[in-house]
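This report concerns only the one structure given below.
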Amino acid sequence: MSPKAAWLRQAVAFIALIGVWEACADAGYLNPLYMPAPSNVAAALFQLFAQGTIWPHLIATFSAALGGLAVGLVIGTALGATAALTPLVGELLAPVMIALNAVPRVVLAPLFVIWFGIGIGSKVALSFILVAVLIFFTVFTGIREVDRRLVERVVTLGGGRGALLREVYGPSVVAWILGNLKVAVGFAFTGAVVGEFVAATKGLGYLLSFAQSSYNAALMLALVLLIMAFVLALFGLTGWLERRLLRWRG
């Protein structure tokens with residue numbers, strides 16, 4: 001089964017779904033208050049770009065999501081590597097991360113609003129905590145899963161901590177991080193949008209909250225599709241990056 005054939009079938013299925021949806025809406029089978037026609041959703045999306053009102057909100061959401069993603073990758077990697085390579089730190093830090101992972105971290109959004117205000121800080125913080133916990137366990141597991149025989153061979157040949165980090169742990173960690181990068185991107189945008197939905201003055205989450213309060217289902221669906229489109233585009237970018245950087249794995 002070729003990838004092009006799969007893409008073609010998916011595109012045909014999607015177009016068929018949109019056609020059935022539009023036909024049902026035109027026939028009156030769907031209540032436009034709850035499920036507007038695709039043409040109305042497209043009109044709402046077009047209006048956002050035509051009026052130029054969407055750009056400040058896009059910038060706000062992207063800034064928060066990418067900021068939280070960047071900080072989460074750095075801090076999560078540092079903490080995960082330290083915990084995996086230093087047993088004492090691992091004993092102290094792993095239970096904290098497990099506890100954080102057990103809690104639905106989006107419930108921290110109201111607390112972050114209290115701590116950091118309704119500006120971008122609370123959104124970056126929520127995106128950061130979502131990404132950092134994921135990357136911590138990714139790096140922690142990636143280092144722990146390294147073949148101990150390979151480590152012993154490097155040490156036997158005179159390799160020190162630097163050689164192990166560069167030749168053994170580094171490639172393993174990069175592979176694990178890239179393998180989970182798509183999930184991290186999704187978490188980052190989840191944190192930004194949820195934070196804006198809770199309290200904000202701009203952002204896609206703020207627009208979603210406005211659309212909900214005004215019962216504008218067409219605008220809500222348009223925003224959901226817009227978020228999906230941008231996240232899928234980033235997924236494609238991370239997939240390309242993963243393929244480029246992991247070619248050595250064969």
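Letters A, B, ... mark the chains of the structure tokens in the order given; residue numbers begin at 1 per chain; ligand numbers begin at 1, in order shown.
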### Message
Can you pull out the residues contacting region 49-59 of chain A? Cut-off 6 Å, using only C-alpha atoms, and skip same-chain residues under 2 positions away; I want them as a ChimeraX atom specification.
### Response
/A:46-47,61-63,202-204
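Picture a line from CA of Leu134 (chain A) to CA of Arg105 (chain A); it runs 11.3 Å.
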### Message
To test your reading of the structure, identify every residue in region 17-212 of chain A that backbone DSSP assigns to alpha helix (DSSP H), and report it as an MDAnalysis selection string.
### Response
chainID A and resid 17:26 38:51 54:85 87:102 109:116 120:144 148:156 161:164 170:179 181:198 204:212
Kindly save the residues from that selection, with C-alpha atoms included, as a compact mmCIF listing (two decimals), in the first residue's frame.
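Once written, result-v8.txt looks like this:
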# COMPACT_ATOMS: atom_id res chain seq x y z
CA LEU A 17 -17.77 13.40 4.89
CA ILE A 18 -17.90 17.15 4.25
CA GLY A 19 -20.39 16.59 1.41
CA VAL A 20 -22.69 14.48 3.57
CA TRP A 21 -22.43 17.01 6.39
CA GLU A 22 -23.33 19.88 4.05
CA ALA A 23 -26.21 17.93 2.52
CA CYS A 24 -27.65 17.06 5.93
CA ALA A 25 -27.40 20.70 7.02
CA ASP A 26 -29.10 21.95 3.83
CA PRO A 38 -19.32 23.35 6.65
CA SER A 39 -19.94 26.36 4.39
CA ASN A 40 -20.82 28.43 7.46
CA VAL A 41 -17.70 27.22 9.26
CA ALA A 42 -15.59 28.13 6.23
CA ALA A 43 -17.25 31.56 6.10
CA ALA A 44 -16.43 32.17 9.77
CA LEU A 45 -12.81 31.15 9.19
CA PHE A 46 -12.53 33.33 6.09
CA GLN A 47 -13.96 36.30 7.99
CA LEU A 48 -11.31 35.96 10.71
CA PHE A 49 -8.52 36.26 8.16
CA ALA A 50 -10.27 38.78 5.92
CA GLN A 51 -10.77 41.20 8.80
CA ILE A 54 -6.99 36.53 13.94
CA TRP A 55 -3.32 37.51 13.76
CA PRO A 56 -2.84 38.89 17.30
CA HIS A 57 -4.53 35.77 18.66
CA LEU A 58 -2.38 33.45 16.56
CA ILE A 59 0.77 35.24 17.67
CA ALA A 60 -0.27 35.01 21.33
CA THR A 61 -1.02 31.28 21.16
CA PHE A 62 2.08 30.42 19.14
CA SER A 63 4.31 32.48 21.43
CA ALA A 64 2.99 30.74 24.53
CA ALA A 65 3.05 27.25 23.00
CA LEU A 66 6.50 27.49 21.43
CA GLY A 67 7.92 29.23 24.51
CA GLY A 68 6.60 26.49 26.78
CA LEU A 69 7.80 23.83 24.34
CA ALA A 70 11.34 25.24 24.20
CA VAL A 71 11.68 25.65 27.96
CA GLY A 72 10.05 22.29 28.61
CA LEU A 73 12.45 20.52 26.24
CA VAL A 74 15.50 22.08 27.88
CA ILE A 75 14.43 21.67 31.52
CA GLY A 76 12.85 18.26 30.98
CA THR A 77 15.98 16.97 29.25
CA ALA A 78 18.28 18.33 31.95
CA LEU A 79 16.20 16.91 34.80
CA GLY A 80 15.69 13.56 33.10
CA ALA A 81 19.39 13.14 32.33
CA THR A 82 20.41 14.17 35.84
CA ALA A 83 17.91 11.81 37.45
CA ALA A 84 18.97 8.90 35.23
CA LEU A 85 22.71 9.40 35.72
CA PRO A 87 20.81 7.72 41.52
CA LEU A 88 20.27 10.01 44.51
CA VAL A 89 18.68 12.71 42.36
CA GLY A 90 16.59 10.06 40.64
CA GLU A 91 15.28 8.77 43.97
CA LEU A 92 14.22 12.27 44.99
CA LEU A 93 12.95 13.58 41.66
CA ALA A 94 11.20 10.57 40.11
CA PRO A 95 8.38 10.43 42.72
CA VAL A 96 7.67 14.13 42.20
CA MET A 97 7.41 13.67 38.45
CA ILE A 98 5.25 10.57 38.89
CA ALA A 99 2.90 12.57 41.11
CA LEU A 100 2.75 15.39 38.56
CA ASN A 101 2.11 12.88 35.80
CA ALA A 102 -0.74 11.33 37.79
CA ALA A 109 -4.29 26.38 34.78
CA PRO A 110 -6.34 28.38 37.35
CA LEU A 111 -3.46 28.17 39.83
CA PHE A 112 -0.97 29.42 37.25
CA VAL A 113 -3.32 32.32 36.46
CA ILE A 114 -3.22 33.26 40.16
CA TRP A 115 0.57 32.97 40.26
CA PHE A 116 1.52 34.52 36.91
CA ILE A 120 1.45 35.08 28.54
CA GLY A 121 3.33 33.89 31.63
CA SER A 122 0.57 31.57 32.86
CA LYS A 123 0.16 30.05 29.38
CA VAL A 124 3.89 29.43 28.99
CA ALA A 125 3.96 27.89 32.47
CA LEU A 126 1.14 25.46 31.67
CA SER A 127 2.68 24.48 28.33
CA PHE A 128 6.03 24.08 30.07
CA ILE A 129 4.74 21.74 32.79
CA LEU A 130 2.93 19.58 30.24
CA VAL A 131 6.03 19.26 28.04
CA ALA A 132 8.63 19.04 30.83
CA VAL A 133 7.03 16.03 32.53
CA LEU A 134 6.75 14.20 29.21
CA ILE A 135 10.35 14.95 28.24
CA PHE A 136 11.62 14.06 31.71
CA PHE A 137 10.28 10.54 31.44
CA THR A 138 11.37 10.32 27.81
CA VAL A 139 14.98 11.15 28.64
CA PHE A 140 14.95 9.20 31.90
CA THR A 141 13.72 6.08 30.11
CA GLY A 142 15.98 6.66 27.12
CA ILE A 143 19.10 6.64 29.29
CA ARG A 144 17.93 3.76 31.46
CA ARG A 148 24.63 -1.79 29.69
CA ARG A 149 27.05 -3.95 27.70
CA LEU A 150 27.69 -1.00 25.38
CA VAL A 151 28.38 1.24 28.37
CA GLU A 152 30.78 -1.32 29.83
CA ARG A 153 32.64 -1.62 26.53
CA VAL A 154 33.11 2.15 26.27
CA VAL A 155 34.38 2.28 29.85
CA THR A 156 36.70 -0.69 29.24
CA ARG A 161 31.68 10.40 31.35
CA GLY A 162 32.14 12.73 28.39
CA ALA A 163 32.55 9.88 25.93
CA LEU A 164 29.49 8.09 27.34
CA GLY A 170 23.38 11.38 23.58
CA PRO A 171 22.21 9.43 20.49
CA SER A 172 19.78 7.41 22.59
CA VAL A 173 18.26 10.51 24.18
CA VAL A 174 17.97 12.32 20.84
CA ALA A 175 16.16 9.34 19.33
CA TRP A 176 13.72 9.11 22.23
CA ILE A 177 13.04 12.86 22.25
CA LEU A 178 12.44 13.02 18.51
CA GLY A 179 10.15 10.01 18.80
CA LEU A 181 8.36 15.39 19.80
CA LYS A 182 4.94 15.25 18.12
CA VAL A 183 3.31 14.50 21.46
CA ALA A 184 5.27 17.35 23.05
CA VAL A 185 4.05 19.79 20.36
CA GLY A 186 0.46 18.71 21.00
CA PHE A 187 0.92 19.13 24.75
CA ALA A 188 2.42 22.60 24.28
CA PHE A 189 -0.56 23.81 22.26
CA THR A 190 -2.96 22.15 24.69
CA GLY A 191 -1.38 24.09 27.55
CA ALA A 192 -1.47 27.39 25.68
CA VAL A 193 -5.09 27.05 24.51
CA VAL A 194 -6.39 25.76 27.84
CA GLY A 195 -4.60 28.57 29.67
CA GLU A 196 -6.16 31.13 27.33
CA PHE A 197 -9.57 29.51 27.72
CA VAL A 198 -9.36 29.88 31.50
CA LEU A 204 -7.13 31.16 20.20
CA GLY A 205 -8.32 29.85 23.56
CA TYR A 206 -9.72 33.28 24.35
CA LEU A 207 -11.58 33.27 21.04
CA LEU A 208 -12.94 29.81 21.81
CA SER A 209 -14.20 31.06 25.15
CA PHE A 210 -15.84 34.04 23.43
CA ALA A 211 -17.46 31.78 20.82
CA GLN A 212 -18.78 29.50 23.55
### Task
Could you check how far CA of Val231 (chain A) sits from CA of Leu30 (chain A), in Å to one decimal?
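One can read the CA of Val231 (chain A) to CA of Leu30 (chain A) distance as 28.5 Å.
With only C-alpha atoms as the atoms that count, the minimum distance from Thr201 (chain A) to the choices A:Thr238, A:Gly117, A:Val103, A:Gly28 is reached by A:Gly117.
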### Query
Suppose you want the space between CA of Phe14 (chain A) and CA of Asn31 (chain A); what is it in Å?
21.5 Å
